[in-house]
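A.B. asks: Dropping in data-v9.cif, which is mmCIF, C-alpha atoms and all ligand atoms:
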data_work
loop_
_atom_site.group_PDB
_atom_site.id
_atom_site.type_symbol
_atom_site.label_atom_id
_atom_site.label_comp_id
_atom_site.auth_asym_id
_atom_site.auth_seq_id
_atom_site.Cartn_x
_atom_site.Cartn_y
_atom_site.Cartn_z
ATOM 1 C CA MET A 1 -43.123 -101.130 -37.180
ATOM 2 C CA THR A 2 -39.607 -99.704 -37.322
ATOM 3 C CA SER A 3 -36.821 -101.633 -35.648
ATOM 4 C CA GLU A 4 -36.649 -98.901 -33.051
ATOM 5 C CA GLU A 5 -40.315 -99.334 -32.100
ATOM 6 C CA ASN A 6 -39.914 -103.078 -32.237
ATOM 7 C CA GLN A 7 -37.121 -102.878 -29.717
ATOM 8 C CA MET A 8 -39.244 -100.748 -27.419
ATOM 9 C CA ALA A 9 -42.084 -103.255 -27.617
ATOM 10 C CA GLU A 10 -39.717 -106.056 -26.643
ATOM 11 C CA ASN A 11 -38.235 -104.145 -23.750
ATOM 12 C CA ASP A 12 -41.566 -103.397 -22.142
ATOM 13 C CA ASP A 13 -43.116 -106.866 -22.342
ATOM 14 C CA VAL A 14 -45.618 -107.266 -19.549
ATOM 15 C CA PRO A 15 -45.616 -110.833 -18.127
ATOM 16 C CA PHE A 16 -49.279 -111.514 -18.916
ATOM 17 C CA ASN A 17 -50.863 -114.718 -17.647
ATOM 18 C CA LYS A 18 -53.802 -116.010 -19.680
ATOM 19 C CA ASN A 19 -53.950 -119.367 -17.931
ATOM 20 C CA PHE A 20 -57.316 -119.263 -16.201
ATOM 21 C CA PRO A 21 -59.296 -122.513 -16.427
ATOM 22 C CA LEU A 22 -62.076 -121.571 -13.942
ATOM 23 C CA LYS A 23 -65.525 -122.383 -15.382
ATOM 24 C CA PRO A 24 -68.526 -120.065 -14.977
ATOM 25 C CA GLY A 25 -70.834 -120.625 -12.015
ATOM 26 C CA LEU A 26 -68.399 -122.729 -9.950
ATOM 27 C CA VAL A 27 -67.171 -121.546 -6.557
ATOM 28 C CA GLU A 28 -63.426 -121.636 -6.059
ATOM 29 C CA GLU A 29 -61.711 -120.920 -2.748
ATOM 30 C CA VAL A 30 -58.418 -119.388 -3.904
ATOM 31 C CA VAL A 31 -56.945 -118.757 -0.462
ATOM 32 C CA PRO A 32 -58.677 -119.151 2.907
ATOM 33 C CA GLY A 33 -61.358 -116.458 3.176
ATOM 34 C CA VAL A 34 -61.404 -115.596 -0.540
ATOM 35 C CA ARG A 35 -63.794 -117.351 -2.919
ATOM 36 C CA ARG A 36 -64.451 -116.361 -6.512
ATOM 37 C CA VAL A 37 -67.283 -117.048 -8.944
ATOM 38 C CA LEU A 38 -66.933 -116.413 -12.688
ATOM 39 C CA CYS A 39 -69.854 -114.957 -14.639
ATOM 40 C CA ASP A 40 -70.497 -116.361 -18.106
ATOM 41 C CA ASN A 41 -69.877 -113.089 -19.992
ATOM 42 C CA PRO A 42 -66.688 -113.677 -22.019
ATOM 43 C CA SER A 43 -65.646 -111.030 -24.592
ATOM 44 C CA PRO A 44 -62.497 -109.328 -25.943
ATOM 45 C CA PHE A 45 -62.960 -106.799 -23.105
ATOM 46 C CA THR A 46 -63.856 -109.158 -20.236
ATOM 47 C CA PHE A 47 -61.542 -112.118 -21.065
ATOM 48 C CA THR A 48 -63.338 -115.261 -19.722
ATOM 49 C CA GLY A 49 -65.900 -113.099 -17.878
ATOM 50 C CA THR A 50 -66.314 -110.999 -14.743
ATOM 51 C CA LEU A 51 -65.183 -112.342 -11.355
ATOM 52 C CA SER A 52 -67.195 -111.774 -8.211
ATOM 53 C CA TYR A 53 -65.419 -112.337 -4.894
ATOM 54 C CA ILE A 54 -66.745 -113.588 -1.571
ATOM 55 C CA VAL A 55 -64.648 -112.383 1.371
ATOM 56 C CA GLY A 56 -64.797 -114.077 4.779
ATOM 57 C CA GLN A 57 -66.653 -117.077 6.095
ATOM 58 C CA GLY A 58 -70.122 -117.177 7.673
ATOM 59 C CA LYS A 59 -70.608 -113.401 7.569
ATOM 60 C CA VAL A 60 -69.245 -112.312 4.224
ATOM 61 C CA ALA A 61 -68.790 -109.451 1.801
ATOM 62 C CA ILE A 62 -69.418 -109.784 -1.917
ATOM 63 C CA ILE A 63 -67.177 -107.681 -4.175
ATOM 64 C CA ASP A 64 -68.587 -106.809 -7.640
ATOM 65 C CA PRO A 65 -71.884 -108.698 -8.117
ATOM 66 C CA GLY A 66 -71.278 -108.534 -11.875
ATOM 67 C CA PRO A 67 -73.372 -107.768 -14.946
ATOM 68 C CA ASP A 68 -77.158 -107.934 -15.124
ATOM 69 C CA SER A 69 -77.391 -111.734 -14.953
ATOM 70 C CA GLU A 70 -79.941 -113.802 -13.075
ATOM 71 C CA ALA A 71 -77.829 -116.945 -13.522
ATOM 72 C CA HIS A 72 -74.769 -115.283 -11.978
ATOM 73 C CA ALA A 73 -76.812 -113.882 -9.073
ATOM 74 C CA LYS A 74 -78.128 -117.386 -8.419
ATOM 75 C CA ALA A 75 -74.602 -118.837 -8.523
ATOM 76 C CA LEU A 76 -73.414 -116.220 -6.004
ATOM 77 C CA LEU A 77 -76.379 -116.745 -3.690
ATOM 78 C CA ASP A 78 -75.924 -120.543 -3.892
ATOM 79 C CA ALA A 79 -72.257 -120.049 -3.000
ATOM 80 C CA VAL A 80 -73.207 -118.271 0.251
ATOM 81 C CA ARG A 81 -76.179 -120.452 1.194
ATOM 82 C CA GLY A 82 -76.359 -120.755 4.988
ATOM 83 C CA GLU A 83 -74.129 -117.691 5.397
ATOM 84 C CA THR A 84 -75.001 -114.001 5.822
ATOM 85 C CA VAL A 85 -73.962 -111.366 3.302
ATOM 86 C CA THR A 86 -73.231 -108.311 5.451
ATOM 87 C CA HIS A 87 -71.645 -106.026 2.819
ATOM 88 C CA ILE A 88 -71.717 -105.526 -0.949
ATOM 89 C CA LEU A 89 -68.659 -103.701 -2.322
ATOM 90 C CA VAL A 90 -68.354 -102.327 -5.858
ATOM 91 C CA THR A 91 -64.990 -101.402 -7.412
ATOM 92 C CA HIS A 92 -66.427 -99.321 -10.274
ATOM 93 C CA THR A 93 -69.531 -98.605 -12.306
ATOM 94 C CA HIS A 94 -69.057 -100.530 -15.520
ATOM 95 C CA ARG A 95 -71.874 -102.706 -16.786
ATOM 96 C CA ASP A 96 -69.851 -105.896 -16.319
ATOM 97 C CA HIS A 97 -69.382 -105.174 -12.571
ATOM 98 C CA SER A 98 -72.207 -103.266 -10.885
ATOM 99 C CA PRO A 99 -75.701 -103.926 -12.392
ATOM 100 C CA ASN A 100 -76.242 -107.231 -10.521
ATOM 101 C CA THR A 101 -75.844 -105.325 -7.246
ATOM 102 C CA ALA A 102 -79.595 -104.684 -7.241
ATOM 103 C CA ARG A 103 -80.367 -108.447 -7.295
ATOM 104 C CA ILE A 104 -77.869 -109.334 -4.561
ATOM 105 C CA LYS A 105 -79.053 -106.459 -2.398
ATOM 106 C CA GLN A 106 -82.677 -107.474 -2.819
ATOM 107 C CA ALA A 107 -81.912 -111.069 -1.868
ATOM 108 C CA THR A 108 -79.635 -110.296 1.108
ATOM 109 C CA GLY A 109 -80.579 -106.816 2.355
ATOM 110 C CA ALA A 110 -76.869 -105.988 2.596
ATOM 111 C CA PRO A 111 -75.829 -102.338 2.180
ATOM 112 C CA VAL A 112 -73.840 -101.324 -0.891
ATOM 113 C CA TYR A 113 -70.461 -99.584 -0.539
ATOM 114 C CA ALA A 114 -68.771 -97.758 -3.425
ATOM 115 C CA GLU A 115 -67.058 -94.478 -4.210
ATOM 116 C CA GLY A 116 -70.140 -93.005 -5.863
ATOM 117 C CA ALA A 117 -72.308 -92.886 -8.970
ATOM 118 C CA HIS A 118 -70.699 -93.072 -12.387
ATOM 119 C CA ARG A 119 -68.989 -89.908 -13.564
ATOM 120 C CA ALA A 120 -66.451 -88.918 -16.209
ATOM 121 C CA SER A 121 -62.850 -87.991 -15.351
ATOM 122 C CA ARG A 122 -63.325 -84.568 -16.934
ATOM 123 C CA PRO A 123 -66.188 -82.607 -18.505
ATOM 124 C CA ARG A 124 -67.116 -83.625 -22.028
ATOM 125 C CA PHE A 125 -65.776 -81.301 -24.743
ATOM 126 C CA GLU A 126 -68.407 -79.649 -26.905
ATOM 127 C CA SER A 127 -67.456 -81.617 -30.021
ATOM 128 C CA GLU A 128 -67.434 -84.947 -28.166
ATOM 129 C CA LYS A 129 -70.253 -87.375 -28.616
ATOM 130 C CA HIS A 130 -71.157 -89.907 -25.963
ATOM 131 C CA ASN A 131 -68.931 -92.962 -26.417
ATOM 132 C CA PRO A 132 -71.378 -95.880 -26.651
ATOM 133 C CA GLU A 133 -68.624 -98.380 -25.779
ATOM 134 C CA SER A 134 -67.815 -96.826 -22.432
ATOM 135 C CA GLY A 135 -70.069 -99.446 -20.837
ATOM 136 C CA ALA A 136 -71.066 -97.191 -17.959
ATOM 137 C CA ASP A 137 -73.760 -98.261 -15.486
ATOM 138 C CA ARG A 138 -75.478 -94.908 -14.997
ATOM 139 C CA ASP A 139 -78.236 -96.329 -12.765
ATOM 140 C CA PHE A 140 -75.924 -97.442 -9.950
ATOM 141 C CA ARG A 141 -76.061 -95.620 -6.590
ATOM 142 C CA PRO A 142 -74.258 -96.890 -3.446
ATOM 143 C CA ASP A 143 -75.971 -96.831 -0.057
ATOM 144 C CA ILE A 144 -72.726 -95.729 1.550
ATOM 145 C CA GLN A 145 -70.139 -93.627 -0.282
ATOM 146 C CA ILE A 146 -66.568 -94.398 0.683
ATOM 147 C CA LYS A 147 -63.392 -92.435 0.202
ATOM 148 C CA HIS A 148 -59.715 -93.300 -0.049
ATOM 149 C CA GLY A 149 -58.398 -94.661 3.228
ATOM 150 C CA GLU A 150 -61.766 -95.538 4.737
ATOM 151 C CA VAL A 151 -61.996 -98.975 6.332
ATOM 152 C CA ILE A 152 -64.894 -101.387 5.960
ATOM 153 C CA GLU A 153 -64.877 -104.038 8.626
ATOM 154 C CA GLY A 154 -66.752 -107.319 8.809
ATOM 155 C CA THR A 155 -66.429 -110.536 10.783
ATOM 156 C CA GLY A 156 -62.890 -111.812 10.280
ATOM 157 C CA TRP A 157 -61.985 -109.352 7.556
ATOM 158 C CA ARG A 158 -61.065 -105.713 7.242
ATOM 159 C CA LEU A 159 -60.826 -103.925 3.879
ATOM 160 C CA GLU A 160 -59.340 -100.508 3.201
ATOM 161 C CA ALA A 161 -60.592 -98.462 0.231
ATOM 162 C CA VAL A 162 -57.757 -97.413 -2.079
ATOM 163 C CA ALA A 163 -58.757 -94.736 -4.610
ATOM 164 C CA THR A 164 -57.499 -95.952 -7.991
ATOM 165 C CA PRO A 165 -59.048 -93.645 -10.632
ATOM 166 C CA GLY A 166 -58.001 -93.994 -14.262
ATOM 167 C CA HIS A 167 -60.029 -96.877 -15.728
ATOM 168 C CA THR A 168 -63.027 -94.979 -14.339
ATOM 169 C CA ALA A 169 -63.059 -91.861 -12.160
ATOM 170 C CA ASN A 170 -64.745 -93.697 -9.276
ATOM 171 C CA HIS A 171 -62.586 -96.836 -9.263
ATOM 172 C CA LEU A 172 -61.637 -98.252 -5.854
ATOM 173 C CA ALA A 173 -59.386 -101.141 -4.911
ATOM 174 C CA PHE A 174 -60.097 -102.907 -1.615
ATOM 175 C CA ALA A 175 -56.937 -103.795 0.276
ATOM 176 C CA TRP A 176 -56.841 -106.371 3.067
ATOM 177 C CA PRO A 177 -53.570 -105.278 4.737
ATOM 178 C CA GLU A 178 -53.445 -108.065 7.372
ATOM 179 C CA ARG A 179 -53.524 -110.646 4.598
ATOM 180 C CA LYS A 180 -51.423 -108.646 2.097
ATOM 181 C CA ILE A 181 -54.255 -109.073 -0.417
ATOM 182 C CA ASN A 182 -55.654 -106.395 -2.716
ATOM 183 C CA PHE A 183 -58.870 -106.634 -4.727
ATOM 184 C CA VAL A 184 -57.847 -104.388 -7.591
ATOM 185 C CA GLY A 185 -60.917 -104.495 -9.869
ATOM 186 C CA ASP A 186 -60.097 -103.561 -13.465
ATOM 187 C CA HIS A 187 -57.259 -101.212 -12.511
ATOM 188 C CA VAL A 188 -54.731 -104.061 -12.741
ATOM 189 C CA MET A 189 -55.393 -107.310 -14.604
ATOM 190 C CA GLY A 190 -53.054 -110.242 -15.167
ATOM 191 C CA TRP A 191 -54.333 -111.192 -18.633
ATOM 192 C CA SER A 192 -54.170 -107.746 -20.279
ATOM 193 C CA THR A 193 -53.641 -104.050 -19.767
ATOM 194 C CA SER A 194 -56.673 -101.983 -18.675
ATOM 195 C CA ILE A 195 -58.671 -99.782 -20.996
ATOM 196 C CA VAL A 196 -58.177 -96.088 -20.272
ATOM 197 C CA ALA A 197 -60.643 -94.219 -22.481
ATOM 198 C CA PRO A 198 -61.359 -90.494 -22.027
ATOM 199 C CA PRO A 199 -63.523 -88.875 -20.868
ATOM 200 C CA ASP A 200 -64.540 -91.764 -18.563
ATOM 201 C CA GLY A 201 -60.918 -92.695 -18.037
ATOM 202 C CA SER A 202 -57.802 -90.592 -17.523
ATOM 203 C CA MET A 203 -54.184 -91.579 -18.216
ATOM 204 C CA ILE A 204 -52.792 -89.084 -15.673
ATOM 205 C CA ASP A 205 -55.033 -90.558 -12.963
ATOM 206 C CA TYR A 206 -54.313 -94.124 -14.097
ATOM 207 C CA MET A 207 -50.527 -93.670 -13.863
ATOM 208 C CA ALA A 208 -50.816 -92.022 -10.432
ATOM 209 C CA SER A 209 -53.011 -94.927 -9.277
ATOM 210 C CA LEU A 210 -50.413 -97.443 -10.478
ATOM 211 C CA ASP A 211 -47.768 -95.606 -8.440
ATOM 212 C CA ARG A 212 -50.101 -95.687 -5.439
ATOM 213 C CA LEU A 213 -50.525 -99.489 -5.629
ATOM 214 C CA ALA A 214 -46.834 -100.159 -6.280
ATOM 215 C CA ALA A 215 -45.981 -98.303 -3.065
ATOM 216 C CA ARG A 216 -48.264 -100.484 -0.926
ATOM 217 C CA GLU A 217 -47.430 -103.664 0.975
ATOM 218 C CA GLU A 218 -50.115 -105.943 -0.501
ATOM 219 C CA ASP A 219 -48.627 -108.312 -3.041
ATOM 220 C CA LEU A 220 -51.432 -110.770 -3.925
ATOM 221 C CA TYR A 221 -53.880 -109.117 -6.322
ATOM 222 C CA PHE A 222 -57.357 -110.322 -7.254
ATOM 223 C CA SER A 223 -58.712 -108.682 -10.426
ATOM 224 C CA GLY A 224 -62.105 -108.239 -12.025
ATOM 225 C CA HIS A 225 -61.030 -110.569 -14.826
ATOM 226 C CA GLY A 226 -58.493 -113.362 -15.134
ATOM 227 C CA PRO A 227 -56.063 -115.027 -12.746
ATOM 228 C CA GLU A 228 -54.706 -113.647 -9.484
ATOM 229 C CA ILE A 229 -51.389 -111.776 -9.643
ATOM 230 C CA PRO A 230 -48.821 -113.118 -7.141
ATOM 231 C CA GLU A 231 -46.270 -110.273 -7.178
ATOM 232 C CA GLY A 232 -48.589 -107.287 -7.541
ATOM 233 C CA PRO A 233 -46.221 -104.310 -7.090
ATOM 234 C CA ARG A 234 -43.632 -105.888 -9.406
ATOM 235 C CA TYR A 235 -46.312 -106.484 -12.045
ATOM 236 C CA VAL A 236 -47.521 -102.887 -11.654
ATOM 237 C CA ARG A 237 -44.011 -101.654 -12.413
ATOM 238 C CA PHE A 238 -44.179 -103.592 -15.695
ATOM 239 C CA LEU A 239 -47.463 -101.836 -16.484
ATOM 240 C CA ILE A 240 -45.908 -98.435 -15.750
ATOM 241 C CA ARG A 241 -42.993 -99.174 -18.097
ATOM 242 C CA HIS A 242 -45.433 -100.453 -20.739
ATOM 243 C CA ARG A 243 -47.337 -97.148 -20.732
ATOM 244 C CA GLN A 244 -44.108 -95.154 -20.765
ATOM 245 C CA ALA A 245 -43.008 -97.154 -23.831
ATOM 246 C CA ARG A 246 -46.382 -96.542 -25.486
ATOM 247 C CA GLU A 247 -45.997 -92.820 -24.881
ATOM 248 C CA ALA A 248 -42.510 -93.013 -26.417
ATOM 249 C CA SER A 249 -43.985 -94.786 -29.486
ATOM 250 C CA ILE A 250 -46.560 -92.019 -29.918
ATOM 251 C CA LEU A 251 -43.881 -89.333 -29.666
ATOM 252 C CA HIS A 252 -41.687 -91.291 -32.085
ATOM 253 C CA ARG A 253 -44.535 -91.436 -34.633
ATOM 254 C CA LEU A 254 -45.236 -87.712 -34.211
ATOM 255 C CA SER A 255 -41.545 -86.923 -34.703
ATOM 256 C CA LYS A 256 -42.128 -88.009 -38.328
ATOM 257 C CA GLY A 257 -44.949 -85.512 -38.791
ATOM 258 C CA GLU A 258 -48.472 -84.783 -37.638
ATOM 259 C CA ALA A 259 -50.916 -87.671 -37.475
ATOM 260 C CA ASP A 260 -54.493 -88.511 -36.582
ATOM 261 C CA ILE A 261 -55.359 -91.243 -34.085
ATOM 262 C CA PRO A 262 -56.146 -94.065 -36.581
ATOM 263 C CA THR A 263 -52.702 -93.512 -38.154
ATOM 264 C CA MET A 264 -51.027 -93.750 -34.751
ATOM 265 C CA VAL A 265 -52.991 -96.893 -33.813
ATOM 266 C CA ARG A 266 -51.872 -98.596 -37.044
ATOM 267 C CA ALA A 267 -48.253 -97.635 -36.349
ATOM 268 C CA ILE A 268 -48.245 -98.762 -32.714
ATOM 269 C CA TYR A 269 -50.671 -101.678 -32.300
ATOM 270 C CA ILE A 270 -49.399 -104.257 -34.806
ATOM 271 C CA GLY A 271 -51.573 -107.335 -35.086
ATOM 272 C CA ILE A 272 -54.300 -106.039 -32.774
ATOM 273 C CA ASP A 273 -57.689 -107.821 -32.586
ATOM 274 C CA PRO A 274 -59.869 -105.672 -34.930
ATOM 275 C CA ARG A 275 -62.599 -105.636 -32.261
ATOM 276 C CA LEU A 276 -60.205 -103.717 -30.005
ATOM 277 C CA MET A 277 -59.252 -101.033 -32.576
ATOM 278 C CA ASN A 278 -61.710 -98.522 -31.199
ATOM 279 C CA ALA A 279 -60.522 -99.090 -27.629
ATOM 280 C CA ALA A 280 -56.908 -98.732 -28.798
ATOM 281 C CA GLY A 281 -57.831 -95.375 -30.349
ATOM 282 C CA TYR A 282 -59.177 -94.181 -27.003
ATOM 283 C CA SER A 283 -56.033 -95.441 -25.264
ATOM 284 C CA VAL A 284 -53.916 -93.348 -27.639
ATOM 285 C CA LEU A 285 -56.244 -90.416 -26.998
ATOM 286 C CA ALA A 286 -55.666 -90.887 -23.254
ATOM 287 C CA HIS A 287 -51.921 -90.544 -23.792
ATOM 288 C CA LEU A 288 -52.382 -87.552 -26.111
ATOM 289 C CA GLU A 289 -54.629 -85.802 -23.608
ATOM 290 C CA ASP A 290 -51.862 -86.202 -21.031
ATOM 291 C CA LEU A 291 -49.151 -85.048 -23.512
ATOM 292 C CA VAL A 292 -51.181 -82.003 -24.602
ATOM 293 C CA GLY A 293 -51.733 -81.141 -20.937
ATOM 294 C CA ARG A 294 -47.967 -81.254 -20.373
ATOM 295 C CA GLY A 295 -47.335 -79.065 -23.444
ATOM 296 C CA VAL A 296 -45.382 -81.791 -25.283
ATOM 297 C CA VAL A 297 -47.965 -82.321 -28.036
ATOM 298 C CA ALA A 298 -50.234 -79.781 -29.773
ATOM 299 C CA THR A 299 -53.587 -80.087 -31.517
ATOM 300 C CA ASP A 300 -56.149 -77.621 -32.862
ATOM 301 C CA GLY A 301 -58.842 -77.122 -30.255
ATOM 302 C CA ASP A 302 -59.559 -79.716 -27.582
ATOM 303 C CA PRO A 303 -57.742 -83.087 -27.601
ATOM 304 C CA VAL A 304 -60.505 -85.270 -29.069
ATOM 305 C CA ILE A 305 -60.705 -88.643 -30.845
ATOM 306 C CA ALA A 306 -61.103 -87.025 -34.297
ATOM 307 C CA GLY A 307 -58.197 -84.586 -33.802
ATOM 308 C CA THR A 308 -54.838 -84.303 -35.562
ATOM 309 C CA TYR A 309 -51.741 -84.125 -33.375
ATOM 310 C CA ARG A 310 -48.188 -82.846 -33.746
ATOM 311 C CA LEU A 311 -45.168 -82.282 -31.520
ATOM 312 C CA ALA A 312 -45.345 -78.884 -29.837
ATOM 313 C CA SER A 313 -42.563 -76.669 -31.095
HETATM 314 ZN ZN ZN B 401 -64.575 -105.263 -16.019
#
Go ahead and render the structure in this file as structure tokens.

C.D. replies:
Amino acid sequence: MTSEENQMAENDDVPFNKNFPLKPGLVEEVVPGVRRVLCDNPSPFTFTGTLSYIVGQGKVAIIDPGPDSEAHAKALLDAVRGETVTHILVTHTHRDHSPNTARIKQATGAPVYAEGAHRASRPRFESEKHNPESGADRDFRPDIQIKHGEVIEGTGWRLEAVATPGHTANHLAFAWPERKINFVGDHVMGWSTSIVAPPDGSMIDYMASLDRLAAREEDLYFSGHGPEIPEGPRYVRFLIRHRQAREASILHRLSKGEADIPTMVRAIYIGIDPRLMNAAGYSVLAHLEDLVGRGVVATDGDPVIAGTYRLAS
């Protein structure tokens, strides 16, 4: 890393919080009307595991039933014993969030609300193979499709769908304006940045979705993984600056000559967990796709993971 890049990295430090002692299977009431249950699926991508949320008391909504896990379904159903699940809400169709919906729906009969089935952010280029790490749940179908701005109301709670594409094309956050709470799924996480991997993800959409959240009133965020975020819009502004700095690092590397994506990853992500190298490559691709679209960077053919990139003259 050059001193210049080093300086950029220091200036855009995101205040991550990796302090999250919650154990899998336990029910924790974080604030009145919001309980969370951690699934036992830790990984470099999921941190300590996926969080499912229970909203309300007596007649409740469950947000993100989690991965295909009988143990986690049982923990969720135990958590709401004696209560009625009236709604199931899904933020996005990744395999660590939506597959358990079928179990919870079968046990409770509650209808499932989500933006729609899984889809990519753009059509696949001809040379692109299916990315096996995308983790998409292609079987998921909601009972009720919801759009940006639509309100889902239960007993003692009222959630507004906020379209937040970028991590996936169909990603929704669920804002609770009266309580200044936002369930932000994997769009914003306190422990790490989000993966934005084309063609499932889109950097242009992701940045626009960050702007959308930062402009809202809700300031307490609950994520799909890791601890709650107390000053949401402020944290989102850190994420925006982080991505802007990453884009600057890519342009800085390309100013020294054309490069392929592995070369750029090695120059930018110093000391990265080797298991995240592939994801980092897709993150760089997401930036490049955006830069090519804006005419700042050029490549031969479509902007793909195997491509070579240079500054547009
Ligand atoms: Zn997730």

A.B. asks: At most 6 Å is the cut-off: for each residue in segment 101-137 of chain A with any atom that close to an atom of segment 198-202 of chain A, write down the nearest atom pair and the distance in Å rounded to one decimal, counting only C-alpha atoms, chain first then increasing number, as JSON lines.

C.D. replies:
{"residue": "A:Ala120", "atom": "CA", "partner": "A:Asp200", "partner_atom": "CA", "distance": 4.2}
{"residue": "A:Ser121", "atom": "CA", "partner": "A:Asp200", "partner_atom": "CA", "distance": 5.2}
{"residue": "A:Arg122", "atom": "CA", "partner": "A:Pro199", "partner_atom": "CA", "distance": 5.8}

A.B. asks: List every residue of chain A that has an atom at most 8 Å from any atom of ligand ZN 401 (chain B), and for each one report the closest atom pair and its distance in Å to one decimal, counting all atoms listed in the file, with rows sorted by chain and then by increasing residue number, as CSV.

C.D. replies:
residue,atom,partner,partner_atom,distance
A:Phe45,CA,B:ZN401,ZN,7.4
A:Thr46,CA,B:ZN401,ZN,5.8
A:Thr50,CA,B:ZN401,ZN,6.1
A:His94,CA,B:ZN401,ZN,6.5
A:Arg95,CA,B:ZN401,ZN,7.8
A:Asp96,CA,B:ZN401,ZN,5.3
A:His97,CA,B:ZN401,ZN,5.9
A:Gly185,CA,B:ZN401,ZN,7.2
A:Asp186,CA,B:ZN401,ZN,5.4
A:Gly224,CA,B:ZN401,ZN,5.6
A:His225,CA,B:ZN401,ZN,6.5

A.B. asks: From the list A:Arg216, A:Arg158, A:Arg138, A:Arg119, which residue is nearest Asn170 of chain A when using all atoms listed in the file?

C.D. replies: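 Of A:Arg216, A:Arg158, A:Arg138, A:Arg119, the one nearest Asn170 of chain A is A:Arg119, counting all atoms listed in the file.
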
A.B. asks: Name the residues within 9 Å of (-55.5, -84.5, -22.0), counting only C-alpha atoms in the file's coordinates, and put them as a short mmCIF file (atom, residue, chain, number, x, y, z; two decimals) with C-alpha atoms, keeping the file's coordinate frame.

C.D. replies:
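Listing of selection-v3.cif after writing:
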data_model
loop_
_atom_site.label_atom_id
_atom_site.label_comp_id
_atom_site.auth_asym_id
_atom_site.auth_seq_id
_atom_site.Cartn_x
_atom_site.Cartn_y
_atom_site.Cartn_z
CA PRO A 198 -61.36 -90.49 -22.03
CA SER A 202 -57.80 -90.59 -17.52
CA MET A 203 -54.18 -91.58 -18.22
CA ILE A 204 -52.79 -89.08 -15.67
CA LEU A 285 -56.24 -90.42 -27.00
CA ALA A 286 -55.67 -90.89 -23.25
CA HIS A 287 -51.92 -90.54 -23.79
CA LEU A 288 -52.38 -87.55 -26.11
CA GLU A 289 -54.63 -85.80 -23.61
CA ASP A 290 -51.86 -86.20 -21.03
CA LEU A 291 -49.15 -85.05 -23.51
CA VAL A 292 -51.18 -82.00 -24.60
CA GLY A 293 -51.73 -81.14 -20.94
CA ARG A 294 -47.97 -81.25 -20.37
CA ASP A 302 -59.56 -79.72 -27.58
CA PRO A 303 -57.74 -83.09 -27.60
CA VAL A 304 -60.50 -85.27 -29.07
#

A.B. asks: By how many Å are atom CA of Leu220 of chain A and atom CA of Leu89 of chain A apart?

C.D. replies: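 One can read the atom CA of Leu220 of chain A to atom CA of Leu89 of chain A distance as 18.7 Å.
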
A.B. asks: Residues at most 8 Å from Ala214 of chain A, counting only C-alpha atoms, excluding those fewer than 6 positions away in the same chain, as an MDAnalysis selection string?

C.D. replies: chainID A and resid 232:234 236:237

A.B. asks: List every protein, DNA or RNA residue with an atom no more than 6 Å from (-64.1, -108.1, -6.5) in the file's coordinates, counting all atoms listed in the file, and format the result as a tab-separated table (two decimals) with C-alpha atoms, in the coordinates of the input.

C.D. replies:
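The file below, out.tsv, is the result:
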chain	number	residue	atom	x	y	z
A	52	SER	CA	-67.19	-111.77	-8.21
A	53	TYR	CA	-65.42	-112.34	-4.89
A	63	ILE	CA	-67.18	-107.68	-4.18
A	64	ASP	CA	-68.59	-106.81	-7.64
A	183	PHE	CA	-58.87	-106.63	-4.73
A	185	GLY	CA	-60.92	-104.50	-9.87
A	224	GLY	CA	-62.10	-108.24	-12.02

A.B. asks: Starting from the displayed file, determine the output of the PyMOL selection byres (((chain A and resi 62) around 9) and not hetatm) and express the residue list as a PyMOL selection string.

C.D. replies: chain A and resi 52-55+60-61+63-65+76+85-90+104

A.B. asks: Any idea what the distance is between atom CA of Gly156 of chain A and atom CA of Asn100 of chain A?

C.D. replies: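 So the answer is 25.1 Å.
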
A.B. asks: What does the structure give for the distance between atom CA of Ala107 of chain A and atom CA of Phe174 of chain A, in Å to one decimal?

C.D. replies: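 That distance, rounded to one decimal, is 23.3 Å.
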
A.B. asks: List the spatial neighbours of Gly190 of chain A as a PDB file with C-alpha atoms, in the coordinates of the input - criterion: any atom at most 10 Å away, all atoms listed in the file, same-chain residues fewer than 6 positions off excluded.

C.D. replies:
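Listed below is the output, out_31.pdb:
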ATOM      1  CA  VAL A  14     -45.618-107.266 -19.549  1.00  0.00           C
ATOM      2  CA  PRO A  15     -45.616-110.833 -18.127  1.00  0.00           C
ATOM      3  CA  PHE A  16     -49.279-111.514 -18.916  1.00  0.00           C
ATOM      4  CA  ASN A  17     -50.863-114.718 -17.647  1.00  0.00           C
ATOM      5  CA  LYS A  18     -53.802-116.010 -19.680  1.00  0.00           C
ATOM      6  CA  ASN A  19     -53.950-119.367 -17.931  1.00  0.00           C
ATOM      7  CA  TYR A 221     -53.880-109.117  -6.322  1.00  0.00           C
ATOM      8  CA  PHE A 222     -57.357-110.322  -7.254  1.00  0.00           C
ATOM      9  CA  SER A 223     -58.712-108.682 -10.426  1.00  0.00           C
ATOM     10  CA  GLY A 224     -62.105-108.239 -12.025  1.00  0.00           C
ATOM     11  CA  HIS A 225     -61.030-110.569 -14.826  1.00  0.00           C
ATOM     12  CA  GLY A 226     -58.493-113.362 -15.134  1.00  0.00           C
ATOM     13  CA  PRO A 227     -56.063-115.027 -12.746  1.00  0.00           C
ATOM     14  CA  GLU A 228     -54.706-113.647  -9.484  1.00  0.00           C
ATOM     15  CA  ILE A 229     -51.389-111.776  -9.643  1.00  0.00           C
ATOM     16  CA  PRO A 230     -48.821-113.118  -7.141  1.00  0.00           C
ATOM     17  CA  GLY A 232     -48.589-107.287  -7.541  1.00  0.00           C
ATOM     18  CA  TYR A 235     -46.312-106.484 -12.045  1.00  0.00           C
ATOM     19  CA  VAL A 236     -47.521-102.887 -11.654  1.00  0.00           C
TER      20      VAL A 236
END

A.B. asks: Which is closest to Asp219 of chain A among A:Val37, A:Ala136, A:Val112, A:Val184, if we use only C-alpha atoms?

C.D. replies: A:Val184
